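Reading through the structure tokens given below for one structure.
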Amino acid sequence: MFPIVEKTALHETVSRMTVQAPAIARKAKPGQFIILRIDEQGERIPLTIADTDKEAGTVTIIYQKVGATTRRLDTLNAGDALLDFVGPLGKPSDLEHLAGKRVAVIGGGLGLAIAYPQAKALHALGAVVDMIVGFRSTSLFFLVDELAAVCTNLIVMTDDGSNGRKGFTTTALQEQIDSGVKYDEVIAIGPMPMMRAVAELTRPYGIKTIVSMNPIMIDGTGMCGGCRLTVGGETKFACVDGPEFDGHLVDFDEAILRSRAYRAQEQMSMEAHACNLLGGN
Ligand SMILES: Cc1cc2nc3c(=O)[nH]c(=O)nc-3n(C[C@H](O)[C@H](O)[C@H](O)COP(=O)(O)OP(=O)(O)OC[C@H]3O[C@@H](n4cnc5c(N)ncnc54)[C@H](O)[C@@H]3O)c2cc1C
Ligand code: FES
């Protein structure tokens with residue numbers, strides 16, 4: 001069992017949980033993820049390793065309550081424990097070559113939690129990190145202070161303009177490029193339409209753009225084929241070949257279609273979870 005040592009709500013739909021998992025804390029690198037299972041009845045879900053504390057032997061995850069499992073996870077608190085917590089999985093981010101370079105790290109919605117370890121590692125390598133994050137509105141802000149501490153410039157955009165910077169993350173990236181900023185690389189993590197838009201924006205400038213793909217994962221070991229993607233015309237498995245890929249080579253149309261494949265089942269299990277909470281059957 002993996003004891004939960006802390007849980008904090010970052011806002012209404014996003015929480016941070018710290019779990020005792022010393023072996024994972026020792027080995028984990030930015031870009032990697034874990035797969036957890038709450039109990040015998042639970043499904044396996046992948047979540048990015050947001051932070052680690054090697055001395056304390058803890059791993060921090062940040063999750064958005066989108067469906068049945070993440071909502072069940074959020075009913076647990078410090079003192080409870082998870083049945084399975086497997087990792088670190090996936091390939092670490094390739095960041096060393098960016099020491100001293102200028103990088104835009106773009107995080108949309110929950111993606112900014114996933115982008116946090118990359119920004120932190122790049123900052124420690126001495127890269128100039130422009131962090132561009134997008135929220136629908138100021139009421140949904142989270143992690144902004146933590147992100148400000150690990151980047152050189154933080155640009156926060158809101159869809160509704162409630163913080164005075166109306167627009168998408170791509171609006172800010174375009175403004176940066178137009179103002180003459182030369183990026184050695186762009187890292188974009190967030191909803192697939194956002195990552196696709198960033199990759200299309202950078203393509204004509206020839207700026208290498210890394211995206212973090214989050215297809216449906218089942219075993220996380222390259223065996224089930226659930227996380228299949230097409231990248232540069234070749235089949236890749238996000239769990240073992242990724243989750244980061246060259247955004248200019250990813251077939252986003254196919255990835256978006258595949259991510260919707262289980263919508264009906266996801267809806268059914270969310271309704272069953274709501275029913276359990278109400279004590280129904
Ligand atoms: C490598 C990777 C890293 C991720 N990191 C994070 C993270 O740090 N924080 C976070 O909140 N979310 C992260 N996700 C997404 C997270 O796994 C899903 O939100 C979670 O599985 C939803 O489960 P659910 O039962 O609550 O929702 P469901 O109702 O089952 O699904 C809601 C949404 O989650 C997606 N999803 C469902 N099951 C899976 C699965 N097994 N694998 C991937 N996606 C799934 C669905 O496509 C759907 O869009 C990551 C996904 C991957 C593949
Ligand atoms: S999750 Fe099964 S092959 Fe990647």
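How things are named: the first chain in the structure tokens is A, the next is B, and so on; residues count from 1 in each chain; ligands count from 1 in the order shown.
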
Which residues of chain A come within 6 Å of ligand 2, and what is each one's closest atom pair and distance in Å (one decimal), counting only C-alpha atoms and all ligand atoms, sorted by chain and residue number, as JSON lines?
{"residue": "A:Met217", "atom": "CA", "partner": "ligand 2", "partner_atom_place_in_ligand_line": "1 (S)", "distance": 3.7}
{"residue": "A:Ile218", "atom": "CA", "partner": "ligand 2", "partner_atom_place_in_ligand_line": "1 (S)", "distance": 4.4}
{"residue": "A:Asp219", "atom": "CA", "partner": "ligand 2", "partner_atom_place_in_ligand_line": "2 (Fe)", "distance": 4.5}
{"residue": "A:Gly220", "atom": "CA", "partner": "ligand 2", "partner_atom_place_in_ligand_line": "1 (S)", "distance": 3.7}
{"residue": "A:Thr221", "atom": "CA", "partner": "ligand 2", "partner_atom_place_in_ligand_line": "2 (Fe)", "distance": 5.6}
{"residue": "A:Gly222", "atom": "CA", "partner": "ligand 2", "partner_atom_place_in_ligand_line": "3 (S)", "distance": 3.4}
{"residue": "A:Met223", "atom": "CA", "partner": "ligand 2", "partner_atom_place_in_ligand_line": "3 (S)", "distance": 4.6}
{"residue": "A:Cys224", "atom": "CA", "partner": "ligand 2", "partner_atom_place_in_ligand_line": "2 (Fe)", "distance": 3.8}
{"residue": "A:Gly225", "atom": "CA", "partner": "ligand 2", "partner_atom_place_in_ligand_line": "3 (S)", "distance": 3.8}
{"residue": "A:Gly226", "atom": "CA", "partner": "ligand 2", "partner_atom_place_in_ligand_line": "2 (Fe)", "distance": 4.7}
{"residue": "A:Cys227", "atom": "CA", "partner": "ligand 2", "partner_atom_place_in_ligand_line": "4 (Fe)", "distance": 4.4}
{"residue": "A:Phe237", "atom": "CA", "partner": "ligand 2", "partner_atom_place_in_ligand_line": "4 (Fe)", "distance": 5.1}
{"residue": "A:Ala238", "atom": "CA", "partner": "ligand 2", "partner_atom_place_in_ligand_line": "4 (Fe)", "distance": 5.8}
{"residue": "A:Cys239", "atom": "CA", "partner": "ligand 2", "partner_atom_place_in_ligand_line": "4 (Fe)", "distance": 4.3}

Dump the neighbourhood of ligand 1 as a PDB file with C-alpha atoms, in the first residue's frame: all residues within 8 Å, distances computed on only C-alpha atoms and all ligand atoms.
ATOM      1  CA  VAL A  14      -7.916  20.398  -9.121  1.00  0.00           C
ATOM      2  CA  GLN A  32       7.602  10.694 -16.412  1.00  0.00           C
ATOM      3  CA  PHE A  33       4.338   9.452 -14.950  1.00  0.00           C
ATOM      4  CA  ILE A  34       2.859   6.850 -12.618  1.00  0.00           C
ATOM      5  CA  GLU A  43      -9.321   1.212 -12.768  1.00  0.00           C
ATOM      6  CA  ARG A  44      -5.721   2.085 -13.537  1.00  0.00           C
ATOM      7  CA  ILE A  45      -5.136   5.748 -14.399  1.00  0.00           C
ATOM      8  CA  PRO A  46      -1.936   7.509 -15.481  1.00  0.00           C
ATOM      9  CA  LEU A  47      -0.901  10.777 -13.775  1.00  0.00           C
ATOM     10  CA  THR A  48       2.239  12.838 -14.302  1.00  0.00           C
ATOM     11  CA  ILE A  49       4.842  13.046 -11.547  1.00  0.00           C
ATOM     12  CA  ALA A  50       4.522  16.745 -10.675  1.00  0.00           C
ATOM     13  CA  ILE A  61       0.635  14.267  -8.304  1.00  0.00           C
ATOM     14  CA  ILE A  62      -1.802  16.971  -9.399  1.00  0.00           C
ATOM     15  CA  TYR A  63      -5.099  15.800 -10.819  1.00  0.00           C
ATOM     16  CA  GLN A  64      -8.232  17.285 -12.266  1.00  0.00           C
ATOM     17  CA  LYS A  65     -11.524  15.746 -11.203  1.00  0.00           C
ATOM     18  CA  VAL A  66     -12.838  14.847 -14.653  1.00  0.00           C
ATOM     19  CA  GLY A  67     -14.476  11.466 -14.190  1.00  0.00           C
ATOM     20  CA  ALA A  68     -15.243   8.567 -11.873  1.00  0.00           C
ATOM     21  CA  THR A  69     -11.702   7.578 -10.833  1.00  0.00           C
ATOM     22  CA  THR A  70     -10.311  11.076 -10.263  1.00  0.00           C
ATOM     23  CA  ARG A  71     -13.453  11.917  -8.249  1.00  0.00           C
ATOM     24  CA  ARG A  72     -13.028   8.766  -6.143  1.00  0.00           C
ATOM     25  CA  GLY A  90       7.616   6.757 -19.853  1.00  0.00           C
ATOM     26  CA  LEU A 110      -4.264  21.140 -16.215  1.00  0.00           C
ATOM     27  CA  GLY A 111      -1.300  20.946 -18.625  1.00  0.00           C
ATOM     28  CA  ALA A 113       0.744  21.238 -13.715  1.00  0.00           C
ATOM     29  CA  ILE A 114       2.310  18.711 -16.078  1.00  0.00           C
ATOM     30  CA  SER A 212       3.116  15.716 -24.255  1.00  0.00           C
ATOM     31  CA  MET A 213       0.469  13.279 -25.463  1.00  0.00           C
ATOM     32  CA  ASN A 214      -2.054  11.800 -23.036  1.00  0.00           C
ATOM     33  CA  PRO A 215      -3.971   9.107 -24.928  1.00  0.00           C
ATOM     34  CA  ILE A 216      -5.972   6.423 -23.129  1.00  0.00           C
ATOM     35  CA  MET A 217      -3.513   4.165 -21.320  1.00  0.00           C
ATOM     36  CA  ILE A 218      -4.292   0.769 -19.866  1.00  0.00           C
ATOM     37  CA  CYS A 227      -2.006   4.434 -26.241  1.00  0.00           C
ATOM     38  CA  ALA A 238       2.915   6.911 -25.740  1.00  0.00           C
ATOM     39  CA  CYS A 239       3.604   4.885 -22.580  1.00  0.00           C
ATOM     40  CA  PRO A 243       4.669  10.659 -23.652  1.00  0.00           C
ATOM     41  CA  SER A 259      -9.277   9.950 -27.212  1.00  0.00           C
ATOM     42  CA  ARG A 260     -13.062  10.119 -27.672  1.00  0.00           C
ATOM     43  CA  ALA A 261     -13.474   6.366 -28.160  1.00  0.00           C
ATOM     44  CA  TYR A 262     -14.608   5.621 -24.575  1.00  0.00           C
ATOM     45  CA  ARG A 263     -16.886   8.657 -23.990  1.00  0.00           C
ATOM     46  CA  GLN A 265     -18.331   4.217 -20.941  1.00  0.00           C
ATOM     47  CA  GLU A 266     -16.741   7.181 -19.100  1.00  0.00           C
ATOM     48  CA  GLN A 267     -20.166   8.829 -18.782  1.00  0.00           C
ATOM     49  CA  SER A 269     -18.997   5.136 -14.767  1.00  0.00           C
ATOM     50  CA  MET A 270     -19.308   8.786 -13.704  1.00  0.00           C
TER      51      MET A 270
END

Go through A:Ala56, A:Val103, A:Ala115, A:Val5 one by one, measure the shortest atom-to-atom distance of each to A:Ala25 using only C-alpha atoms, and give the residue with the smallest value.
-> A:Ala56

Could you work out how far atom CA of A:Leu112 lies from atom CA of A:Phe142, giving the answer in Å with one decimal?
->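 A separation of 9.1 Å between them.
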
Can you pull out every residue within 12 Å of A:Asp184, counting only C-alpha atoms, but drop anything in the same chain fewer than 3 positions away, and send it as a list of chain:residue names?
->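 The residues satisfying every condition are A:Leu95, A:His97, A:Leu98, A:Ala99, A:Gly100, A:Lys101, A:Arg102, A:Val103, A:Ala104, A:Val105, A:Ala127, A:Val128, A:Val129, A:Asp130, A:Ile177, A:Val181, A:Ile187, A:Thr202, A:Tyr205, A:Gly206, A:Ile207, A:Lys208, A:Thr209, A:Ile210.
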
Please produce a file of the residues just selected, as a PDB file, in the first residue's frame, where the atoms kept are C-alpha atoms.
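After the write, again_28.pdb holds the following:
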ATOM      1  CA  LEU A  95      16.224  18.792 -21.558  1.00  0.00           C
ATOM      2  CA  HIS A  97      20.696  20.241 -24.582  1.00  0.00           C
ATOM      3  CA  LEU A  98      18.640  23.318 -23.588  1.00  0.00           C
ATOM      4  CA  ALA A  99      21.072  24.497 -20.867  1.00  0.00           C
ATOM      5  CA  GLY A 100      21.612  28.227 -21.428  1.00  0.00           C
ATOM      6  CA  LYS A 101      19.071  28.328 -24.316  1.00  0.00           C
ATOM      7  CA  ARG A 102      15.723  30.161 -24.565  1.00  0.00           C
ATOM      8  CA  VAL A 103      12.629  28.006 -24.279  1.00  0.00           C
ATOM      9  CA  ALA A 104       8.900  28.720 -24.232  1.00  0.00           C
ATOM     10  CA  VAL A 105       7.034  26.302 -21.979  1.00  0.00           C
ATOM     11  CA  ALA A 127      17.804  28.145 -19.565  1.00  0.00           C
ATOM     12  CA  VAL A 128      15.788  31.325 -20.102  1.00  0.00           C
ATOM     13  CA  VAL A 129      12.273  29.996 -19.566  1.00  0.00           C
ATOM     14  CA  ASP A 130       9.267  31.943 -20.831  1.00  0.00           C
ATOM     15  CA  ILE A 177       7.880  35.725 -31.815  1.00  0.00           C
ATOM     16  CA  VAL A 181      12.238  36.656 -29.376  1.00  0.00           C
ATOM     17  CA  ILE A 187       7.346  22.702 -25.106  1.00  0.00           C
ATOM     18  CA  THR A 202       5.794  27.201 -34.778  1.00  0.00           C
ATOM     19  CA  TYR A 205       9.385  29.290 -38.127  1.00  0.00           C
ATOM     20  CA  GLY A 206      11.086  25.893 -37.878  1.00  0.00           C
ATOM     21  CA  ILE A 207      11.072  26.008 -34.052  1.00  0.00           C
ATOM     22  CA  LYS A 208      11.315  22.482 -32.642  1.00  0.00           C
ATOM     23  CA  THR A 209       8.111  21.868 -30.673  1.00  0.00           C
ATOM     24  CA  ILE A 210       7.658  19.090 -28.136  1.00  0.00           C
TER      25      ILE A 210
END

Members of stretch 38-145 of chain A assigned strand (DSSP E or B) by DSSP, as JSON, numbers by chain = {"A": [45, 46, 47, 48, 51, 52, 53, 58, 59, 60, 61, 62, 63, 64, 78, 80, 81, 82, 84, 85, 86, 87, 88, 89, 102, 103, 104, 105, 106, 107, 108, 128, 129, 130, 131, 132, 133, 134, 135]}

Just to be explicit: take each residue in the selection above, keep C-alpha atoms, and write the result as an mmCIF file, in the first residue's frame.
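What ended up in selection10.cif:
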data_model
loop_
_atom_site.group_PDB
_atom_site.id
_atom_site.type_symbol
_atom_site.label_atom_id
_atom_site.label_comp_id
_atom_site.auth_asym_id
_atom_site.auth_seq_id
_atom_site.Cartn_x
_atom_site.Cartn_y
_atom_site.Cartn_z
ATOM 1 C CA ILE A 45 -5.136 5.748 -14.399
ATOM 2 C CA PRO A 46 -1.936 7.509 -15.481
ATOM 3 C CA LEU A 47 -0.901 10.777 -13.775
ATOM 4 C CA THR A 48 2.239 12.838 -14.302
ATOM 5 C CA ASP A 51 7.284 16.747 -8.069
ATOM 6 C CA THR A 52 9.384 14.456 -5.879
ATOM 7 C CA ASP A 53 11.176 14.714 -2.564
ATOM 8 C CA THR A 58 7.443 11.194 -1.600
ATOM 9 C CA VAL A 59 5.894 11.741 -5.027
ATOM 10 C CA THR A 60 3.424 14.537 -5.740
ATOM 11 C CA ILE A 61 0.635 14.267 -8.304
ATOM 12 C CA ILE A 62 -1.802 16.971 -9.399
ATOM 13 C CA TYR A 63 -5.099 15.800 -10.819
ATOM 14 C CA GLN A 64 -8.232 17.285 -12.266
ATOM 15 C CA ALA A 78 -3.839 12.064 4.354
ATOM 16 C CA ASP A 80 -5.552 6.809 3.565
ATOM 17 C CA ALA A 81 -3.546 4.660 1.136
ATOM 18 C CA LEU A 82 -3.544 3.644 -2.531
ATOM 19 C CA ASP A 84 -1.037 0.413 -6.571
ATOM 20 C CA PHE A 85 1.306 3.238 -7.495
ATOM 21 C CA VAL A 86 3.577 2.110 -10.331
ATOM 22 C CA GLY A 87 6.413 4.063 -11.911
ATOM 23 C CA PRO A 88 8.315 5.981 -12.990
ATOM 24 C CA LEU A 89 6.897 5.198 -16.461
ATOM 25 C CA ARG A 102 15.723 30.161 -24.565
ATOM 26 C CA VAL A 103 12.629 28.006 -24.279
ATOM 27 C CA ALA A 104 8.900 28.720 -24.232
ATOM 28 C CA VAL A 105 7.034 26.302 -21.979
ATOM 29 C CA ILE A 106 3.320 26.469 -22.697
ATOM 30 C CA GLY A 107 0.725 25.021 -20.343
ATOM 31 C CA GLY A 108 -2.994 25.052 -20.946
ATOM 32 C CA VAL A 128 15.788 31.325 -20.102
ATOM 33 C CA VAL A 129 12.273 29.996 -19.566
ATOM 34 C CA ASP A 130 9.267 31.943 -20.831
ATOM 35 C CA MET A 131 6.289 30.208 -19.268
ATOM 36 C CA ILE A 132 3.043 30.950 -21.092
ATOM 37 C CA VAL A 133 -0.046 29.621 -19.337
ATOM 38 C CA GLY A 134 -3.697 29.824 -20.205
ATOM 39 C CA PHE A 135 -6.833 29.662 -18.072
#

Which of these residues is nearest to A:Ala9, using only C-alpha atoms: A:Leu143, A:Ala124, A:Ile38, A:Ala21?
->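 Of the candidates, the smallest distance to A:Ala9 is held by A:Leu143.
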
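Closest approach to A:Gly247 among A:Glu6, A:Glu200, A:Glu146, A:Glu234 is made by A:Glu200 (distances from only C-alpha atoms).
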
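The two atoms in question, atom CA of A:His123 and atom CA of A:Lys29, are spaced 14.6 Å apart.
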
So which bits of stretch 74-227 of chain A end up helix (DSSP H, G or I) when you DSSP the backbone, as a PyMOL selection string?
-> chain A and resi 96-98+111-124+138-140+144-148+169-178+192-205

For each of A:Gln41, A:Glu254, A:His11, A:Pro22, take the minimum atom-to-atom distance to A:Thr138, counting only C-alpha atoms, then give the residue where this is smallest.
->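 Checking each candidate against A:Thr138, we get A:His11 as the closest.
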
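Take atom CA of A:Val231 and atom CA of A:Phe252: the distance between them is 9.1 Å.
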
Give me the residues within 9 Å of stretch 161-167 of chain A as a list in words, counting only C-alpha atoms and dropping any in the same chain fewer than 2 places off.
->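 The filter keeps Gly134, Arg136, Ser137, Thr138, Ser139, Ile155, Val156, Met157, Thr158, Asp159, Thr169, Thr170, Thr171 and Ala172 of chain A.
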
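Restricting the calculation to only C-alpha atoms, the smallest distance between A:Ala119 and any of A:Ser179, A:Thr230, A:Thr152, A:Ser15 is found for A:Thr152.
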
All residues 8 Å or closer to A:Met195, only C-alpha atoms, same chain fewer than 6 positions away omitted, as a VMD selection string | chain A and resid 188 to 189 211 247
